[in-house]
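> Pasting coords-v8.tsv here (TSV, C-alpha atoms):
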chain	number	residue	atom	x	y	z
A	1	MET	CA	44.27	66.84	-15.73
A	2	TRP	CA	42.91	69.69	-13.69
A	3	PRO	CA	39.38	71.02	-14.36
A	4	ASN	CA	39.05	73.32	-17.39
A	5	SER	CA	42.72	72.84	-18.28
A	6	SER	CA	43.77	72.08	-21.84
A	7	PHE	CA	47.05	70.45	-20.82
A	8	ASN	CA	48.80	69.45	-17.63
A	9	SER	CA	52.28	70.90	-18.02
A	10	PHE	CA	54.23	74.08	-18.78
A	11	LEU	CA	57.56	74.75	-20.47
A	12	LEU	CA	60.14	76.77	-18.58
A	13	THR	CA	62.55	79.14	-20.35
A	14	GLY	CA	66.21	79.81	-19.64
A	15	PHE	CA	67.96	82.58	-21.56
A	16	PRO	CA	66.39	82.84	-25.04
A	17	GLY	CA	68.99	82.97	-27.78
A	18	LEU	CA	71.70	81.68	-25.44
A	19	GLU	CA	70.59	78.06	-25.26
A	20	ALA	CA	73.97	76.87	-26.57
A	21	ALA	CA	75.69	78.60	-23.66
A	22	HIS	CA	73.32	77.34	-20.96
A	23	HIS	CA	75.90	74.86	-19.66
A	24	TRP	CA	78.42	77.68	-19.18
A	25	ILE	CA	75.80	79.96	-17.65
A	26	SER	CA	74.88	77.20	-15.20
A	27	PHE	CA	78.32	77.34	-13.51
A	28	PRO	CA	77.91	80.73	-11.80
A	29	PHE	CA	74.33	79.81	-10.85
A	30	PHE	CA	75.55	76.54	-9.35
A	31	PHE	CA	78.24	78.28	-7.27
A	32	VAL	CA	75.80	80.98	-6.10
A	33	TYR	CA	73.27	78.34	-5.02
A	34	ILE	CA	75.94	76.32	-3.19
A	35	SER	CA	77.23	79.48	-1.47
A	36	ILE	CA	73.71	80.37	-0.33
A	37	LEU	CA	73.13	76.87	1.06
A	38	ILE	CA	76.49	76.75	2.86
A	39	ASP	CA	76.45	80.31	4.25
A	40	ASN	CA	72.88	80.22	5.54
A	41	GLY	CA	73.33	76.66	6.80
A	42	ILE	CA	76.41	77.68	8.81
A	43	LEU	CA	74.51	80.68	10.19
A	44	LEU	CA	71.65	78.45	11.37
A	45	LEU	CA	74.06	75.93	12.88
A	46	LEU	CA	75.99	78.69	14.62
A	47	ILE	CA	72.87	80.22	16.19
A	48	LYS	CA	71.73	76.78	17.31
A	49	GLU	CA	75.05	75.74	18.86
A	50	ASP	CA	76.39	79.02	20.30
A	51	HIS	CA	74.61	79.93	23.54
A	52	ASN	CA	75.91	83.50	23.27
A	53	LEU	CA	73.62	83.93	20.26
A	54	HIS	CA	70.46	82.74	22.01
A	55	GLU	CA	68.87	86.19	21.94
A	56	PRO	CA	65.78	87.57	20.11
A	57	MET	CA	67.95	89.40	17.57
A	58	TYR	CA	69.64	86.17	16.49
A	59	TYR	CA	66.40	84.17	16.59
A	60	PHE	CA	64.99	86.57	14.00
A	61	LEU	CA	68.23	86.25	12.03
A	62	ALA	CA	67.77	82.47	12.09
A	63	MET	CA	64.25	82.97	10.69
A	64	LEU	CA	65.71	85.12	7.92
A	65	ALA	CA	68.33	82.47	7.07
A	66	ALA	CA	65.71	79.70	7.08
A	67	THR	CA	63.48	81.76	4.77
A	68	ASP	CA	66.39	82.36	2.38
A	69	LEU	CA	67.17	78.64	2.38
A	70	GLY	CA	63.54	77.82	1.62
A	71	LEU	CA	63.41	80.30	-1.24
A	72	THR	CA	66.67	78.96	-2.67
A	73	LEU	CA	65.59	75.32	-2.46
A	74	THR	CA	62.31	76.26	-4.16
A	75	THR	CA	63.89	77.79	-7.27
A	76	MET	CA	67.13	75.79	-7.49
A	77	PRO	CA	65.79	72.49	-8.98
A	78	THR	CA	64.06	74.05	-11.98
A	79	VAL	CA	66.71	76.71	-12.69
A	80	LEU	CA	69.58	74.20	-12.69
A	81	GLY	CA	67.37	71.66	-14.47
A	82	VAL	CA	66.82	74.07	-17.36
A	83	LEU	CA	70.41	75.33	-17.54
A	84	CYS	CA	72.25	72.05	-16.92
A	85	LEU	CA	69.93	69.38	-18.32
A	86	ASP	CA	67.65	71.37	-20.65
A	87	HIS	CA	64.74	69.92	-18.65
A	88	ARG	CA	62.06	72.51	-19.40
A	89	LYS	CA	58.85	70.62	-18.77
A	90	ILE	CA	57.11	71.08	-15.41
A	91	ALA	CA	53.75	69.67	-14.34
A	92	ASP	CA	51.08	72.30	-13.74
A	93	SER	CA	50.55	71.23	-10.11
A	94	ALA	CA	54.31	71.49	-9.46
A	95	CYS	CA	54.39	74.87	-11.21
A	96	PHE	CA	51.56	76.31	-9.14
A	97	SER	CA	53.09	74.92	-5.94
A	98	GLN	CA	56.45	76.49	-6.79
A	99	ALA	CA	54.78	79.85	-7.46
A	100	TYR	CA	52.97	79.57	-4.13
A	101	PHE	CA	56.17	78.96	-2.15
A	102	ILE	CA	58.15	81.62	-4.02
A	103	HIS	CA	55.60	84.35	-3.32
A	104	SER	CA	54.83	83.12	0.22
A	105	LEU	CA	58.49	83.03	1.25
A	106	SER	CA	59.08	86.48	-0.26
A	107	SER	CA	56.24	87.77	1.91
A	108	VAL	CA	57.67	85.94	4.93
A	109	GLU	CA	61.07	87.55	4.35
A	110	SER	CA	59.48	90.99	4.37
A	111	GLY	CA	57.76	90.13	7.64
A	112	VAL	CA	60.98	88.86	9.22
A	113	LEU	CA	62.77	92.09	8.29
A	114	LEU	CA	59.91	94.00	9.92
A	115	ALA	CA	60.23	91.87	13.06
A	116	MET	CA	63.98	92.56	13.12
A	117	ALA	CA	63.26	96.30	12.91
A	118	TYR	CA	60.90	95.94	15.89
A	119	ASP	CA	63.68	94.13	17.76
A	120	ARG	CA	66.14	96.97	17.11
A	121	PHE	CA	63.53	99.57	18.07
A	122	ILE	CA	62.91	97.93	21.46
A	123	ALA	CA	66.64	97.33	22.05
A	124	ILE	CA	67.54	100.99	21.50
A	125	CYS	CA	64.45	102.92	22.60
A	126	SER	CA	63.53	100.72	25.61
A	127	PRO	CA	66.71	98.82	26.52
A	128	LEU	CA	65.70	98.21	30.15
A	129	ARG	CA	62.47	96.50	29.04
A	130	TYR	CA	64.04	94.55	26.15
A	131	THR	CA	64.12	91.13	27.81
A	132	SER	CA	60.67	91.55	29.37
A	133	ILE	CA	59.07	92.59	26.05
A	134	LEU	CA	60.83	90.20	23.67
A	135	THR	CA	60.49	86.98	25.62
A	136	ASN	CA	61.00	83.64	23.89
A	137	THR	CA	57.23	83.11	23.85
A	138	ARG	CA	56.64	86.44	22.16
A	139	VAL	CA	59.39	85.78	19.61
A	140	VAL	CA	57.71	82.47	18.73
A	141	LYS	CA	54.34	84.21	18.39
A	142	ILE	CA	55.83	86.87	16.11
A	143	GLY	CA	57.48	84.16	14.00
A	144	LEU	CA	54.23	82.20	13.68
A	145	GLY	CA	52.36	85.39	12.80
A	146	VAL	CA	54.85	86.20	10.04
A	147	LEU	CA	54.56	82.65	8.66
A	148	MET	CA	50.76	82.66	8.78
A	149	ARG	CA	50.55	86.03	7.06
A	150	GLY	CA	52.90	84.95	4.30
A	151	PHE	CA	51.46	81.53	3.56
A	152	VAL	CA	47.75	82.32	4.01
A	153	SER	CA	47.68	85.60	2.07
A	154	ILE	CA	49.03	83.94	-1.09
A	155	ILE	CA	46.38	81.19	-1.23
A	156	PRO	CA	43.56	83.28	-2.87
A	157	PRO	CA	45.43	84.11	-6.11
A	158	ILE	CA	47.10	80.69	-6.38
A	159	MET	CA	44.01	78.47	-6.04
A	160	PRO	CA	42.26	79.77	-9.21
A	161	LEU	CA	45.34	78.81	-11.26
A	162	TYR	CA	44.34	75.15	-10.93
A	163	PHE	CA	41.00	75.81	-12.62
A	164	PHE	CA	41.86	78.33	-15.36
A	165	PRO	CA	42.02	77.06	-18.95
A	166	TYR	CA	45.38	77.49	-20.71
A	167	CYS	CA	44.51	77.02	-24.36
A	168	HIS	CA	46.87	79.19	-26.37
A	169	SER	CA	50.38	78.80	-24.96
A	170	HIS	CA	52.12	76.98	-22.15
A	171	VAL	CA	55.60	78.54	-22.45
A	172	LEU	CA	56.66	80.50	-19.37
A	173	SER	CA	59.23	83.27	-19.56
A	174	HIS	CA	61.44	82.18	-16.63
A	175	ALA	CA	63.16	79.04	-15.38
A	176	PHE	CA	60.76	79.00	-12.44
A	177	CYS	CA	57.04	79.67	-12.01
A	178	LEU	CA	55.69	83.05	-10.97
A	179	HIS	CA	52.04	83.95	-10.50
A	180	GLN	CA	52.20	86.91	-12.88
A	181	ASP	CA	53.87	84.73	-15.50
A	182	VAL	CA	51.22	82.00	-15.37
A	183	ILE	CA	48.33	84.49	-15.41
A	184	LYS	CA	49.44	85.80	-18.81
A	185	LEU	CA	48.77	82.34	-20.28
A	186	ALA	CA	45.28	81.88	-18.82
A	187	SER	CA	42.32	82.05	-21.20
A	188	ALA	CA	39.83	83.28	-18.60
A	189	ASP	CA	38.73	86.33	-16.64
A	190	THR	CA	41.77	87.00	-14.46
A	191	THR	CA	40.61	90.34	-13.02
A	192	PHE	CA	40.82	89.12	-9.42
A	193	ASN	CA	44.27	87.63	-9.98
A	194	ARG	CA	45.49	90.91	-11.44
A	195	LEU	CA	44.05	93.20	-8.76
A	196	TYR	CA	44.64	91.09	-5.63
A	197	PRO	CA	48.47	91.05	-5.96
A	198	ILE	CA	48.50	94.86	-6.23
A	199	VAL	CA	46.54	95.15	-2.98
A	200	LEU	CA	48.74	92.49	-1.40
A	201	VAL	CA	51.95	94.27	-2.39
A	202	ALA	CA	50.58	97.50	-0.88
A	203	LEU	CA	49.54	95.81	2.39
A	204	ILE	CA	52.70	93.74	2.83
A	205	PHE	CA	55.76	95.09	1.04
A	206	VAL	CA	54.85	98.80	0.96
A	207	LEU	CA	53.38	98.85	4.48
A	208	ASP	CA	56.28	96.82	5.93
A	209	SER	CA	58.85	99.13	4.36
A	210	LEU	CA	57.02	102.22	5.68
A	211	ILE	CA	56.86	100.81	9.21
A	212	ILE	CA	60.56	99.93	9.05
A	213	LEU	CA	61.32	103.48	7.90
A	214	ILE	CA	59.24	104.97	10.73
A	215	SER	CA	60.93	102.71	13.28
A	216	TYR	CA	64.35	103.91	12.17
A	217	VAL	CA	63.25	107.53	12.32
A	218	LEU	CA	62.27	106.92	15.95
A	219	ILE	CA	65.51	105.03	16.57
A	220	LEU	CA	67.53	107.91	15.12
A	221	LYS	CA	65.61	110.39	17.24
A	222	SER	CA	66.33	108.33	20.36
A	223	VAL	CA	70.01	107.92	19.49
A	224	LEU	CA	70.52	111.65	18.80
A	225	SER	CA	69.06	112.47	22.21
A	226	THR	CA	71.88	110.48	23.82
A	227	ALA	CA	74.57	112.75	25.22
A	228	PHE	CA	77.58	110.49	24.70
A	229	ARG	CA	79.03	110.05	21.20
A	230	GLU	CA	80.33	106.54	21.92
A	231	GLU	CA	76.86	105.34	22.93
A	232	ARG	CA	75.43	106.82	19.73
A	233	ALA	CA	77.97	105.01	17.58
A	234	LYS	CA	77.44	101.73	19.43
A	235	ALA	CA	73.65	101.95	19.11
A	236	LEU	CA	73.74	102.77	15.41
A	237	ASN	CA	76.32	100.06	14.74
A	238	THR	CA	73.87	97.40	15.94
A	239	CYS	CA	71.46	98.53	13.21
A	240	VAL	CA	73.87	98.65	10.26
A	241	SER	CA	73.54	94.97	9.32
A	242	HIS	CA	69.75	95.07	9.38
A	243	ILE	CA	69.63	98.29	7.36
A	244	CYS	CA	71.86	96.71	4.70
A	245	CYS	CA	69.64	93.62	4.50
A	246	VAL	CA	66.53	95.80	4.23
A	247	LEU	CA	68.06	97.80	1.38
A	248	VAL	CA	69.23	94.66	-0.44
A	249	PHE	CA	65.76	93.11	-0.22
A	250	TYR	CA	63.50	96.08	-0.96
A	251	VAL	CA	65.67	97.65	-3.66
A	252	THR	CA	65.68	94.40	-5.64
A	253	VAL	CA	61.94	93.79	-5.09
A	254	ILE	CA	61.01	97.34	-6.05
A	255	GLY	CA	63.34	97.21	-9.06
A	256	LEU	CA	61.75	93.99	-10.32
A	257	SER	CA	58.22	95.33	-9.73
A	258	MET	CA	58.98	98.57	-11.58
A	259	ILE	CA	60.37	96.69	-14.57
A	260	HIS	CA	57.36	94.35	-14.67
A	261	ARG	CA	54.88	97.22	-14.43
A	262	PHE	CA	56.49	99.95	-16.53
A	263	GLY	CA	59.34	98.33	-18.45
A	264	LYS	CA	57.46	96.97	-21.45
A	265	GLN	CA	60.09	98.45	-23.78
A	266	VAL	CA	62.96	97.04	-21.75
A	267	PRO	CA	64.66	94.01	-23.39
A	268	HIS	CA	63.46	90.67	-22.04
A	269	ILE	CA	66.98	89.76	-20.92
A	270	VAL	CA	66.81	92.64	-18.40
A	271	HIS	CA	63.59	91.20	-16.95
A	272	LEU	CA	65.29	87.83	-16.61
A	273	ILE	CA	68.43	89.20	-14.95
A	274	MET	CA	66.41	91.29	-12.50
A	275	SER	CA	64.26	88.30	-11.54
A	276	TYR	CA	67.36	86.21	-10.77
A	277	VAL	CA	68.94	89.10	-8.87
A	278	CYS	CA	65.74	89.48	-6.83
A	279	PHE	CA	65.66	85.84	-5.77
A	280	LEU	CA	69.41	85.14	-5.44
A	281	PHE	CA	71.07	88.36	-4.29
A	282	PRO	CA	69.38	88.80	-0.86
A	283	PRO	CA	69.91	85.15	0.25
A	284	LEU	CA	73.54	85.41	-0.87
A	285	MET	CA	74.24	88.74	0.81
A	286	ASN	CA	72.31	88.46	4.11
A	287	PRO	CA	74.64	85.97	5.85
A	288	LEU	CA	77.71	87.76	4.48
A	289	ILE	CA	76.49	91.12	5.78
A	290	TYR	CA	75.90	89.79	9.28
A	291	SER	CA	79.17	87.84	9.25
A	292	VAL	CA	81.14	90.96	8.34
A	293	LYS	CA	79.33	93.46	10.58
A	294	THR	CA	78.56	91.41	13.73
A	295	LYS	CA	81.45	90.53	16.06
A	296	GLN	CA	79.44	87.89	17.93
A	297	ILE	CA	78.87	85.97	14.71
A	298	GLN	CA	82.52	86.36	13.69
A	299	ASN	CA	83.63	84.99	17.06
A	300	GLY	CA	81.05	82.22	16.81
A	301	ILE	CA	82.29	81.16	13.38
A	302	LEU	CA	85.90	81.10	14.58
A	303	HIS	CA	84.88	79.10	17.65
A	304	LEU	CA	82.80	76.69	15.56
A	305	PHE	CA	85.59	75.92	13.10
A	306	THR	CA	88.27	75.86	15.82
A	307	THR	CA	86.24	73.37	17.84
A	308	HIS	CA	85.67	71.11	14.83
A	309	ARG	CA	89.36	71.30	13.90
A	310	VAL	CA	90.43	70.34	17.41
A	311	GLY	CA	87.89	67.51	17.36
A	312	ILE	CA	89.31	66.23	14.09
Take the structure from the file and write it as structure tokens.


Amino acid sequence: MWPNSSFNSFLLTGFPGLEAAHHWISFPFFFVYISILIDNGILLLLIKEDHNLHEPMYYFLAMLAATDLGLTLTTMPTVLGVLCLDHRKIADSACFSQAYFIHSLSSVESGVLLAMAYDRFIAICSPLRYTSILTNTRVVKIGLGVLMRGFVSIIPPIMPLYFFPYCHSHVLSHAFCLHQDVIKLASADTTFNRLYPIVLVALIFVLDSLIILISYVLILKSVLSTAFREERAKALNTCVSHICCVLVFYVTVIGLSMIHRFGKQVPHIVHLIMSYVCFLFPPLMNPLIYSVKTKQIQNGILHLFTTHRVGI
């Protein structure tokens, strides 16, 4: 048992009142998870194998796909365990670790989207200097910086969870562990754990979204100064996929945050649905968006499957 802890496990919750239908509910979740794994896996394989996609833009896309895979693999075991097997018990160490990876990877995804906005800004506003600015070394440094920011910044609120006493209840309100969910069960002074996430959200999610917005204002200004309409359309078309991914991510994150902060009168089922949408919708949509809107990826997918078919 951990210090000052009254027990060493928590109970996860599926959909209260719908326990009899959990097996049926598990089917769409199972297919969504499988689709996320397959789509993002194919995207990673394609970027690795196709030399035409060995560019900074696609390296950042690979980071996004890897982050989505990590987030999916973090939540999938407990969600399907609760819905398919009614396995609700989770050890406190496993719960805190899951919360750490969920929040860290969410922060990493925000950072990757910011890096992709920087890539588009350089590509459109300084096209002649694109390859000299975004070298492979610099892309690696940006990727490591995004990872370090995401995984280090989440340590301070997660570490105290191991030492808080949980004396009154150990029933969580989701099928996976979230920091804000665990904190509600702690019988201790949780002031730091309540204030730090607010500051962190402001410094990461709010600041990232503002910088992305500013970058696109500058991109739009640069594009509108171009004399030829075809060049304008071509430049903006390269940004459409990223803009869609940004909207999918930040709209769901902001929606979930608003419901958690101000939706006390909202039925609990709405909280649950929004939490699943927040963690499943972006990983599901990101590879589809890029597959539909990017010709290089479409050609790469056709080439990949054609090559394998010929090999068979």

> Taking 2 positions as the minimum chain separation for residues in the same chain, which residues sit within 12 Å of Ile273 in chain A when counting all atoms listed in the file? Answer as a ChimeraX atom specification.

/A:14-15,29,173-175,252,255-256,259,266-271,275-281

> Keeping only C-alpha atoms, take the residues you just selected and write them out as a PDB file, in the frame of the given file.


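Heads up, here's the output in selection-v7.pdb:
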ATOM      1  CA  GLY A  14      66.210  79.810 -19.640  1.00  0.00           C
ATOM      2  CA  PHE A  15      67.960  82.580 -21.560  1.00  0.00           C
ATOM      3  CA  PHE A  29      74.330  79.810 -10.850  1.00  0.00           C
ATOM      4  CA  SER A 173      59.230  83.270 -19.560  1.00  0.00           C
ATOM      5  CA  HIS A 174      61.440  82.180 -16.630  1.00  0.00           C
ATOM      6  CA  ALA A 175      63.160  79.040 -15.380  1.00  0.00           C
ATOM      7  CA  THR A 252      65.680  94.400  -5.640  1.00  0.00           C
ATOM      8  CA  GLY A 255      63.340  97.210  -9.060  1.00  0.00           C
ATOM      9  CA  LEU A 256      61.750  93.990 -10.320  1.00  0.00           C
ATOM     10  CA  ILE A 259      60.370  96.690 -14.570  1.00  0.00           C
ATOM     11  CA  VAL A 266      62.960  97.040 -21.750  1.00  0.00           C
ATOM     12  CA  PRO A 267      64.660  94.010 -23.390  1.00  0.00           C
ATOM     13  CA  HIS A 268      63.460  90.670 -22.040  1.00  0.00           C
ATOM     14  CA  ILE A 269      66.980  89.760 -20.920  1.00  0.00           C
ATOM     15  CA  VAL A 270      66.810  92.640 -18.400  1.00  0.00           C
ATOM     16  CA  HIS A 271      63.590  91.200 -16.950  1.00  0.00           C
ATOM     17  CA  SER A 275      64.260  88.300 -11.540  1.00  0.00           C
ATOM     18  CA  TYR A 276      67.360  86.210 -10.770  1.00  0.00           C
ATOM     19  CA  VAL A 277      68.940  89.100  -8.870  1.00  0.00           C
ATOM     20  CA  CYS A 278      65.740  89.480  -6.830  1.00  0.00           C
ATOM     21  CA  PHE A 279      65.660  85.840  -5.770  1.00  0.00           C
ATOM     22  CA  LEU A 280      69.410  85.140  -5.440  1.00  0.00           C
ATOM     23  CA  PHE A 281      71.070  88.360  -4.290  1.00  0.00           C
TER      24      PHE A 281
END

> Write out as number ranges by chain each polymer residue whose atoms come within 12 Å of range 160-166 of chain A, counting only C-alpha atoms; drop sequence neighbours fewer than 4 positions from it.

A: 1-10, 91-97, 99-100, 154-156, 170-172, 177-194

> Between A:Ile124, A:Leu114, A:Ile243, A:Val292, which is the closest to Thr226 in chain A once you count all atoms listed in the file?

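Closest to Thr226 in chain A, using all atoms listed in the file: A:Ile124.
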
> Determine, counting only C-alpha atoms, which protein, DNA and RNA residues have an atom within 10 Å of an atom of range 129-146 of chain A; residues of the same chain fewer than 3 positions away are not included. Present the result as a ChimeraX atom specification.

/A:54-57,59-60,63,107-112,114-115,118-126,149-151

> Please provide the set of residues having any atom within 12 Å of Met76 in chain A, restricted to only C-alpha atoms, with same-chain residues fewer than 3 positions apart removed, written as JSON, numbers by chain.

{"A": [26, 29, 30, 31, 32, 33, 34, 36, 37, 68, 69, 70, 71, 72, 73, 79, 80, 81, 82, 83, 84, 98, 102, 175, 176, 177, 276, 279, 280]}

> What does the distance from CA of His303 in chain A to CA of Leu44 in chain A come to in Å, to one decimal?

14.7 Å

> Given all atoms listed in the file as the basis, pick out the residue of A:Leu272, A:Ser104, A:Pro282, A:Leu113 nearest to Val201 in chain A.

A:Ser104

> Need the shell around Leu45 in chain A: protein/DNA/RNA residues with any atom at most 12 Å away, counting all atoms listed in the file. Skip same-chain ones fewer than 2 positions apart. Format as an MDAnalysis selection string?

chainID A and resid 37:43 47:51 53:54 58:59 61:62 65:66 297 300:301 304:305

> Using only C-alpha atoms, which of the listed residues (A:Ser222, A:Gln296, A:Thr13, A:Ser215) sits closest to His87 in chain A?

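Closest residue, counting only C-alpha atoms: A:Thr13.
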
> Report, in Å with one decimal, the straight-line distance from CA of Leu147 in chain A to CA of Leu105 in chain A.

8.4 Å

> To one decimal place, how far is CA of Ile158 in chain A from CA of Tyr250 in chain A in Å?

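Separation of CA of Ile158 in chain A and CA of Tyr250 in chain A: 23.1 Å.
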
> Counting only C-alpha atoms, which residue out of A:Leu203, A:Leu213, A:Leu302, A:Ile90 sits closest to Val246 in chain A?

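Among the listed residues, the smallest separation from Val246 in chain A belongs to A:Leu213.
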